[in-house]
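Worksheet: the structure to be examined is printed underneath.
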Amino acid sequence: MIRVALAMLTHDKAKYVALVAGIAFASLLISQQAAIFWSALRSSTYGVQSASAADLWVMKPNVEILDLADPMKEGVVNQVRSVAGVQWAVPYYQALGMVRTRQGSFRPVLVIGVDDATLIGAPAARMVAGDVRALEQPNAVIFDVSGYQQNFPDLPVEIGQEVEIGHTRAVVGGFCKAPPAWGGQTVVYTTRSLAVQMSRETENTVSFVLAKAEEGTDPEQVAARIEKETGLKARSSRGFSAEIIEWMLRFSGVAEFFGVTILMGVVIGVAIVGQTFYLFSVENVKQFATLKAIGVGNRSVLGMIFLQASLVAVIGFSLGVGVASLFFAYFGPGTGGLRGMNMPVAVFIGTGVFIYLMVVASCFLSIRRVLTADPAIVFRN
Amino acid sequence: MIRRLLPLLAALSLGFAVAVTWLLTPSSAVTAPPNKPARSTLHEGRIAGLGIIEPRSELVAVASPTQGIVDEVMVKPGDLVKEGQALLTLERAERQAEVEARQAALQLEESRLVRLEAQPRSEDIPPLEARVRSAEVEAQRTQGTFERVKAARDAGAASMEDLEQRRFAMLAAQATLEQVRAELARIKSGAWKADLDVARREVDAARAALAKARTDLDRLTVRAPMDGTVLKVEVQAGEFATAGHLDSPMVTLGDAGPMHVRAEIDEDDAARVRPGASAEAFTRGRDPVRLALKFVRIEPSVRPKTTLRGVVTERVDTRVLMVVYEIEKAEAPVYVGQQVDVFIDGAQAGEAPAQP
């Protein structure tokens, strides 16, 4: 029976390939768009991921996302340190700075100042060249490598280059991979003292306080305690990331933009897969009728159809997701606009499950005709 | 052909996709902070603040009592000095000359006094004594003559006129004798006491003027006001030293004993700080060092925050309470001026921390 089912499926090569290609295309479209969408959303929480040592973020109550911070006075760090359940707390500062290009024009960059003493918040896990400890050197900065190339196309990507940010001399101590800020600015990491100098801020020099909850305590509870005792807004890293993503979905337009694309992928996928498979089943009604005529039961026929559907779905999905992965394998590690993007496991599996269900569903639509097929039709015509 | 190829291709593709997804998934592992942050051992109700290490004596900015060109700097940072030890000298030529002039003036006045005290001059007396003797002889002679003429007059052998002449000659000789005797007595008695007093006062005045010149000279040497360590030397020979307060003092001293930590507590938390509260501090950087602290005092005035980043344009509207602690034990050397993170135990003994 299995052999018969396979023979039926692959008998017409053109149809077989078209069927697989349709499913592969749908898988590619859905998985790739969903992965880009997810990656774009995730990049809005890049700062939170970089400071993985901290599990608490404290900010002014009006702050909603990383890039739109409202700096506070230095004393807040000690306020947070005073709260029981806080293992440690360090300041984190970010502000716009102006980088001067070699042609003399100014470009805005997002200067992120990490705590001078501990360097918590520096992108230790995302370094392309150099080490975050380079920030301990005088006037050192760590540039996002693509942003550096955009701002200084005529400079070699080399540690030790000197640039000017906010009328301050800065020495490139390393390169990292960081997505551009919400406003599109290149991200530059440095120590907080230098960042303050570059942004010419005089009074409010702490954008966020990064803290860690004591071992064995729930960051959410400690966050609630910080809020109660300091009057500031405190979130666990996870909670803050979720809030940022929620904000992005609500206010940034990225949801609509990608939502439409993904929906298109789904619709086109459904249309192609459903239609192709439905037609395939319908065209094979005759063959099934023949099988039934020679005494094959409905159960076996059902099994055959599921086998065919599963095979096509698996092969199609595998090819589609392979192409999508090729895309990410090429662009993800690079330094272009799609840098750092990848396909999350959830999108991988989700796309597979969705494609499979879609194929099975279109099977079901055709099954009724097969099951009710009168073996007599074999003898017509 | 297709029957075999397509599943094989699909298997390869799936394998590739799985591998790529696996490899590109960013690690969610927590990266350890590059440097360990300060972590308090206190729990409930602690109060965190910024601290700065200072000598027990605080910083002593040694000032120059007078102004002038610096001649020599005798100490360098790190030196241990005793109270009164010279730290630097100012150029002294002018004051030295003044001292020498005063010394000469004193010697002059002293000589004048000696001269007065040495009177009478021994050579002056014999001529006067000779004159006295001569006057005595003359007085005796004129008296003898008078008496003889008187006897002759009594016998009627001499005129009245003659007698009177002899009498006046005798009186004149007697007066001359008295005058010469008085002269001798005056010379013998030496200098006039009032003159001597004036001369002595003049010596005293000259001596005082010399002492003042010496003091002025001494004031050109800047000395350590206490035992301690030289923390900073910001002056070199040849520079001009100004008397009075300087933003960057020429020489900064500090007590060499156990150091203090001056903790700045935000005024919001001021009410929670108890006198005698235990505390600890941590240095910053790669390996935070824990400092065990002993309470010294709370400074009772709240003042604007001063431990700043050192930026000229810095504006501050935070006020802080200063709590001073002594470093009991440090596991590694700490230095004056180092910033530390301080944690003060704010919980009342046997009592829950006050809820805000």
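Within each chain, counting starts at residue 1; across the structure tokens, chains are named A, B, ... in the order shown, with ligands numbered 1 upward in that order.
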Can you build me a table of chain A residues sitting at most 6 Å from chain B, with the closest atom pair per residue and its distance in Å to one decimal, using only C-alpha atoms, sorted by chain and residue number, as a Markdown table?
```
| residue | atom | partner | partner_atom | distance |
| --- | --- | --- | --- | --- |
| A:Ser52 | CA | B:Val30 | CA | 5.1 |
| A:Ala53 | CA | B:Ala32 | CA | 5.6 |
| A:Asn78 | CA | B:Ala48 | CA | 4.9 |
| A:Arg81 | CA | B:Ala48 | CA | 5.8 |
| A:Ser82 | CA | B:Ile47 | CA | 4.7 |
| A:Ala84 | CA | B:Glu44 | CA | 5.1 |
| A:Gln87 | CA | B:Arg39 | CA | 5.8 |
| A:Trp88 | CA | B:Arg39 | CA | 5.4 |
| A:Ala117 | CA | B:Gly285 | CA | 4.6 |
| A:Thr118 | CA | B:Asn35 | CA | 4.3 |
| A:Leu119 | CA | B:Pro34 | CA | 5.9 |
| A:Ile120 | CA | B:Pro33 | CA | 5.3 |
| A:Thr202 | CA | B:Glu314 | CA | 5.2 |
| A:Glu203 | CA | B:Arg315 | CA | 6.0 |
| A:Ile315 | CA | B:Ala10 | CA | 5.1 |
| A:Ser318 | CA | B:Leu14 | CA | 4.6 |
| A:Leu319 | CA | B:Ala10 | CA | 5.2 |
| A:Gly322 | CA | B:Ser13 | CA | 4.6 |
| A:Ser325 | CA | B:Ala17 | CA | 5.2 |
| A:Asn342 | CA | B:Leu24 | CA | 5.8 |
| A:Met343 | CA | B:Thr21 | CA | 5.8 |
```
Applying 9 Å and only C-alpha atoms, which residues near Gly190 in chain B remain after dropping the ones on its own chain fewer than 5 positions away? List them as a PyMOL selection string. chain B and resi 116-121
Å distance separating CA of Asp79 in chain B from CA of Pro249 in chain B, one decimal place: 16.7 Å
Would you please extract all alpha helix (DSSP H) residues from range 199-265 of chain A, as assigned by DSSP on the backbone, and give them as a PyMOL selection string? chain A and resi 199+219-230+237-251+254-265
Take the selection from the previous step and output its residues with N, CA and C atoms, as a short mmCIF file (atom, residue, chain, number, x, y, z; two decimals), in the first residue's frame.
```
data_model
loop_
_atom_site.label_atom_id
_atom_site.label_comp_id
_atom_site.auth_asym_id
_atom_site.auth_seq_id
_atom_site.Cartn_x
_atom_site.Cartn_y
_atom_site.Cartn_z
N SER A 199 28.07 63.76 25.88
CA SER A 199 26.72 64.29 25.69
C SER A 199 26.57 65.64 26.35
N PRO A 219 13.25 38.06 41.04
CA PRO A 219 13.47 39.43 40.57
C PRO A 219 12.19 40.26 40.54
N GLU A 220 11.07 39.61 40.24
CA GLU A 220 9.81 40.36 40.18
C GLU A 220 9.48 40.95 41.54
N GLN A 221 9.71 40.14 42.60
CA GLN A 221 9.42 40.63 43.95
C GLN A 221 10.34 41.75 44.34
N VAL A 222 11.62 41.58 43.99
CA VAL A 222 12.59 42.63 44.32
C VAL A 222 12.22 43.90 43.55
N ALA A 223 11.78 43.73 42.30
CA ALA A 223 11.38 44.89 41.50
C ALA A 223 10.22 45.62 42.19
N ALA A 224 9.27 44.85 42.67
CA ALA A 224 8.12 45.46 43.34
C ALA A 224 8.59 46.22 44.58
N ARG A 225 9.57 45.64 45.27
CA ARG A 225 10.08 46.27 46.48
C ARG A 225 10.82 47.57 46.14
N ILE A 226 11.61 47.53 45.06
CA ILE A 226 12.31 48.76 44.64
C ILE A 226 11.30 49.85 44.32
N GLU A 227 10.22 49.46 43.63
CA GLU A 227 9.20 50.45 43.27
C GLU A 227 8.59 51.06 44.51
N LYS A 228 8.35 50.22 45.51
CA LYS A 228 7.70 50.70 46.73
C LYS A 228 8.64 51.63 47.49
N GLU A 229 9.91 51.27 47.57
CA GLU A 229 10.81 52.03 48.42
C GLU A 229 11.41 53.26 47.75
N THR A 230 11.52 53.24 46.42
CA THR A 230 12.17 54.38 45.77
C THR A 230 11.20 55.22 44.95
N SER A 237 14.47 41.91 33.97
CA SER A 237 14.93 41.99 32.58
C SER A 237 13.87 41.41 31.65
N ARG A 238 13.33 40.29 32.05
CA ARG A 238 12.35 39.61 31.21
C ARG A 238 11.11 40.49 31.05
N GLY A 239 10.65 41.03 32.18
CA GLY A 239 9.46 41.87 32.15
C GLY A 239 9.68 43.11 31.31
N PHE A 240 10.88 43.69 31.44
CA PHE A 240 11.17 44.91 30.68
C PHE A 240 11.21 44.60 29.19
N SER A 241 11.88 43.48 28.84
CA SER A 241 11.93 43.09 27.43
C SER A 241 10.52 42.91 26.89
N ALA A 242 9.68 42.24 27.66
CA ALA A 242 8.30 42.00 27.21
C ALA A 242 7.58 43.32 27.01
N GLU A 243 7.82 44.26 27.94
CA GLU A 243 7.15 45.57 27.82
C GLU A 243 7.64 46.33 26.60
N ILE A 244 8.95 46.23 26.35
CA ILE A 244 9.50 46.93 25.18
C ILE A 244 8.86 46.36 23.91
N ILE A 245 8.79 45.03 23.86
CA ILE A 245 8.24 44.39 22.66
C ILE A 245 6.77 44.76 22.50
N GLU A 246 6.07 44.80 23.61
CA GLU A 246 4.65 45.18 23.56
C GLU A 246 4.52 46.60 23.03
N TRP A 247 5.41 47.47 23.54
CA TRP A 247 5.37 48.87 23.09
C TRP A 247 5.64 48.96 21.60
N MET A 248 6.65 48.18 21.16
CA MET A 248 7.00 48.18 19.74
C MET A 248 5.80 47.73 18.91
N LEU A 249 5.13 46.70 19.38
CA LEU A 249 3.99 46.19 18.63
C LEU A 249 2.88 47.23 18.58
N ARG A 250 2.72 47.96 19.68
CA ARG A 250 1.59 48.90 19.73
C ARG A 250 1.89 50.21 19.01
N PHE A 251 3.11 50.70 19.19
CA PHE A 251 3.36 52.07 18.73
C PHE A 251 4.30 52.20 17.55
N VAL A 254 5.74 48.39 13.42
CA VAL A 254 6.44 47.20 12.94
C VAL A 254 5.48 46.01 12.88
N ALA A 255 4.50 46.00 13.78
CA ALA A 255 3.55 44.88 13.82
C ALA A 255 2.72 44.87 12.54
N GLU A 256 2.22 46.05 12.17
CA GLU A 256 1.40 46.13 10.96
C GLU A 256 2.24 45.75 9.74
N PHE A 257 3.44 46.32 9.70
CA PHE A 257 4.31 46.13 8.55
C PHE A 257 4.59 44.64 8.31
N PHE A 258 5.07 44.01 9.39
CA PHE A 258 5.42 42.59 9.24
C PHE A 258 4.19 41.71 9.28
N GLY A 259 3.20 42.16 10.05
CA GLY A 259 1.98 41.35 10.15
C GLY A 259 1.38 41.11 8.78
N VAL A 260 1.34 42.18 7.98
CA VAL A 260 0.77 42.07 6.64
C VAL A 260 1.59 41.08 5.81
N THR A 261 2.93 41.21 5.92
CA THR A 261 3.79 40.33 5.13
C THR A 261 3.60 38.88 5.53
N ILE A 262 3.55 38.65 6.84
CA ILE A 262 3.40 37.27 7.30
C ILE A 262 2.04 36.73 6.91
N LEU A 263 1.06 37.61 7.03
CA LEU A 263 -0.30 37.19 6.64
C LEU A 263 -0.32 36.83 5.16
N MET A 264 0.38 37.66 4.37
CA MET A 264 0.46 37.36 2.94
C MET A 264 1.11 35.99 2.74
N GLY A 265 2.17 35.75 3.49
CA GLY A 265 2.85 34.45 3.40
C GLY A 265 1.89 33.33 3.69
#
```
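Between CA of Glu136 in chain A and CA of Arg169 in chain A the separation is 15.1 Å.
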If we count only C-alpha atoms and set the cut-off at 7 Å, which residues sit around range 107-114 of chain B, ignoring sequence neighbours fewer than 4 positions away in its own chain? Please answer as a PDB file with C-alpha atoms, in the first residue's frame.
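Resulting contents of around-v9.pdb:
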```
ATOM      1  CA  GLN B 103      72.398  92.773  64.274  1.00  0.00           C
ATOM      2  CA  ALA B 118      82.506 102.439  81.688  1.00  0.00           C
ATOM      3  CA  LEU B 196      72.129 104.880  81.206  1.00  0.00           C
ATOM      4  CA  ALA B 199      70.921 103.624  76.489  1.00  0.00           C
ATOM      5  CA  ARG B 200      69.615 100.368  77.964  1.00  0.00           C
ATOM      6  CA  GLU B 202      67.851 101.569  73.086  1.00  0.00           C
ATOM      7  CA  VAL B 203      69.683  98.247  73.357  1.00  0.00           C
TER       8      VAL B 203
END
```
Where in range 54-188 of chain B does DSSP assign strand (DSSP E or B), given as a list in words? Glu54, Val60, Ala61, Val62, Ser64, Gly68, Ile69, Val70, Asp71, Glu72, Val73, Leu80, Val81, Ala86, Leu87, Leu88, Thr89 and Leu90 of chain B
